[in-house]
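Asker: Sending over a structure as structure tokens; questions will come in a sec.
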Amino acid sequence: MLDSSRTTPLSPTLCVSFQDVPSVVFQARVSPGQHPSPPSKLIYDQVVVNIGGAYGANTGNFTAPMGGVYSFSYSLLGQKHSRDTLAQLLKNGEPQSYIHSVLNPDQAQTAAMPVLLPFTQGDALWVELREGITWSEWGSLNF
């Protein structure tokens, strides 16, 4: 049951139509044939969408063009011979989230994580591979 004492009604002055909010959307992936190994920053060099230009394909950074709460998702697929694979999401160099895949020999497993984070203008976000070896075929490394 919803606890109404913990909710605040929206003020009409806070409501904004979507046409007034700039679009910031990106999706990028690591090119097939690239299999990053740790420790390394993951550079998602194949940009699928970059509305608002906030993702840098050369740096691997998302840089917030304005303050607000942003939604992200990132994924990894460890190679079959990589028992432990760990990727970490960092905002301004501070860990925010991680995904970890632990495998037995000759197994494969995709790991993904959705994240909501508050940003101020200019904050940067990127993904680093901390352990294991990834597989990048078929768009398996996404940000």
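By order in the structure tokens, chains are A, B, ...; within a chain, residues start at 1; ligands start at 1, following the order shown.
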List as a PyMOL selection string the protein and nucleic acid residues near A:Pro32, meaning an atom at most 10 Å away when only C-alpha atoms are counted, but skip any in the same chain fewer than 3 places from it.

Answerer: chain A and resi 29+35+46+135-141

Asker: When you look at stretch 74-82 of chain A with a cut-off of 12 Å (counting only C-alpha atoms), what residues show up, excluding the ones that are within fewer than 4 positions of it in the same chain? I need them as a PyMOL selection string.

Answerer: chain A and resi 26-30+34-38+42+44+86-90+97-116+125-143

Asker: Excluding A:Val25 and any residue of its chain fewer than 2 positions from it, enumerate the residues within 9 Å of it, using only C-alpha atoms, and give them as a ChimeraX atom specification.

Answerer: /A:23,27,49-55

Asker: Between atom CA of A:Thr120 and atom CA of A:Val48, what is the distance, to one decimal in Å?

Answerer: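 Between atom CA of A:Thr120 and atom CA of A:Val48 the gap is 24.8 Å.
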
Asker: Can you pull out every residue from chain A that DSSP, working from the backbone, puts in strand (DSSP E or B), and format the result as a ChimeraX atom specification?

Answerer: /A:25-29,40-41,46-51,55-56,61-63,68-78,84-91,94-102,110-119,124-131,134,142

Asker: Restrict the selected residues to C-alpha atoms and save them as a short mmCIF file (atom, residue, chain, number, x, y, z; two decimals), in the first residue's frame.

Answerer:
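Output contents, as saved in out-v3.cif:
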data_model
loop_
_atom_site.label_atom_id
_atom_site.label_comp_id
_atom_site.auth_asym_id
_atom_site.auth_seq_id
_atom_site.Cartn_x
_atom_site.Cartn_y
_atom_site.Cartn_z
CA VAL A 25 19.92 9.87 -25.84
CA PHE A 26 22.81 7.66 -26.85
CA GLN A 27 23.63 4.05 -27.55
CA ALA A 28 27.08 2.81 -28.47
CA ARG A 29 28.87 -0.52 -28.63
CA SER A 40 41.04 -0.53 -19.29
CA LYS A 41 38.42 2.06 -19.99
CA GLN A 46 30.34 2.30 -32.76
CA VAL A 47 27.75 4.96 -32.06
CA VAL A 48 24.21 3.86 -32.88
CA VAL A 49 22.42 6.98 -31.59
CA ASN A 50 23.83 10.20 -30.10
CA ILE A 51 21.03 12.74 -29.91
CA TYR A 55 28.58 10.72 -25.76
CA GLY A 56 32.18 10.89 -27.01
CA ASN A 61 32.67 9.36 -21.82
CA PHE A 62 29.12 10.54 -21.45
CA THR A 63 29.22 14.20 -20.38
CA GLY A 68 19.08 16.18 -14.06
CA VAL A 69 18.50 12.50 -13.42
CA TYR A 70 19.73 10.24 -16.22
CA SER A 71 19.01 6.60 -16.97
CA PHE A 72 21.80 4.31 -18.23
CA SER A 73 22.28 0.67 -19.03
CA TYR A 74 25.52 -1.14 -19.79
CA SER A 75 26.38 -4.75 -20.57
CA LEU A 76 29.24 -7.19 -20.95
CA LEU A 77 29.83 -10.69 -22.21
CA GLY A 78 32.89 -12.49 -20.88
CA ASP A 84 35.54 -13.80 -13.82
CA THR A 85 34.60 -10.68 -15.75
CA LEU A 86 33.88 -7.39 -13.98
CA ALA A 87 32.98 -3.98 -15.41
CA GLN A 88 32.44 -0.86 -13.31
CA LEU A 89 30.50 2.33 -14.03
CA LEU A 90 32.27 5.49 -12.84
CA LYS A 91 30.95 9.03 -12.49
CA GLU A 94 33.84 7.50 -8.42
CA PRO A 95 32.38 3.96 -8.65
CA GLN A 96 28.59 3.95 -9.09
CA SER A 97 27.73 0.39 -10.10
CA TYR A 98 29.30 -2.80 -11.36
CA ILE A 99 28.40 -5.93 -13.27
CA HIS A 100 30.13 -9.23 -12.64
CA SER A 101 29.98 -12.50 -14.54
CA VAL A 102 31.43 -15.69 -13.01
CA THR A 110 25.71 -11.75 -20.56
CA ALA A 111 25.49 -9.34 -17.64
CA ALA A 112 23.71 -5.98 -17.74
CA MET A 113 22.76 -3.27 -15.28
CA PRO A 114 20.29 -0.38 -15.47
CA VAL A 115 21.21 2.67 -13.38
CA LEU A 116 19.54 6.00 -12.51
CA LEU A 117 21.98 8.76 -11.48
CA PRO A 118 21.71 12.46 -10.66
CA PHE A 119 24.04 14.72 -12.68
CA ALA A 124 31.26 12.59 -16.79
CA LEU A 125 30.37 8.88 -16.81
CA TRP A 126 32.29 5.95 -18.28
CA VAL A 127 32.78 2.19 -17.95
CA GLU A 128 36.00 0.42 -16.99
CA LEU A 129 36.83 -3.25 -17.36
CA ARG A 130 38.39 -4.38 -14.06
CA GLU A 131 38.68 -8.16 -14.50
CA THR A 134 35.25 -9.51 -22.92
CA ASN A 142 26.76 -1.87 -25.01
#

Asker: When you draw a straight line from atom CA of A:Ala64 to atom CA of A:Asp45, how long is it in Å?

Answerer: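 Straight-line distance from atom CA of A:Ala64 to atom CA of A:Asp45 works out to 18.6 Å.
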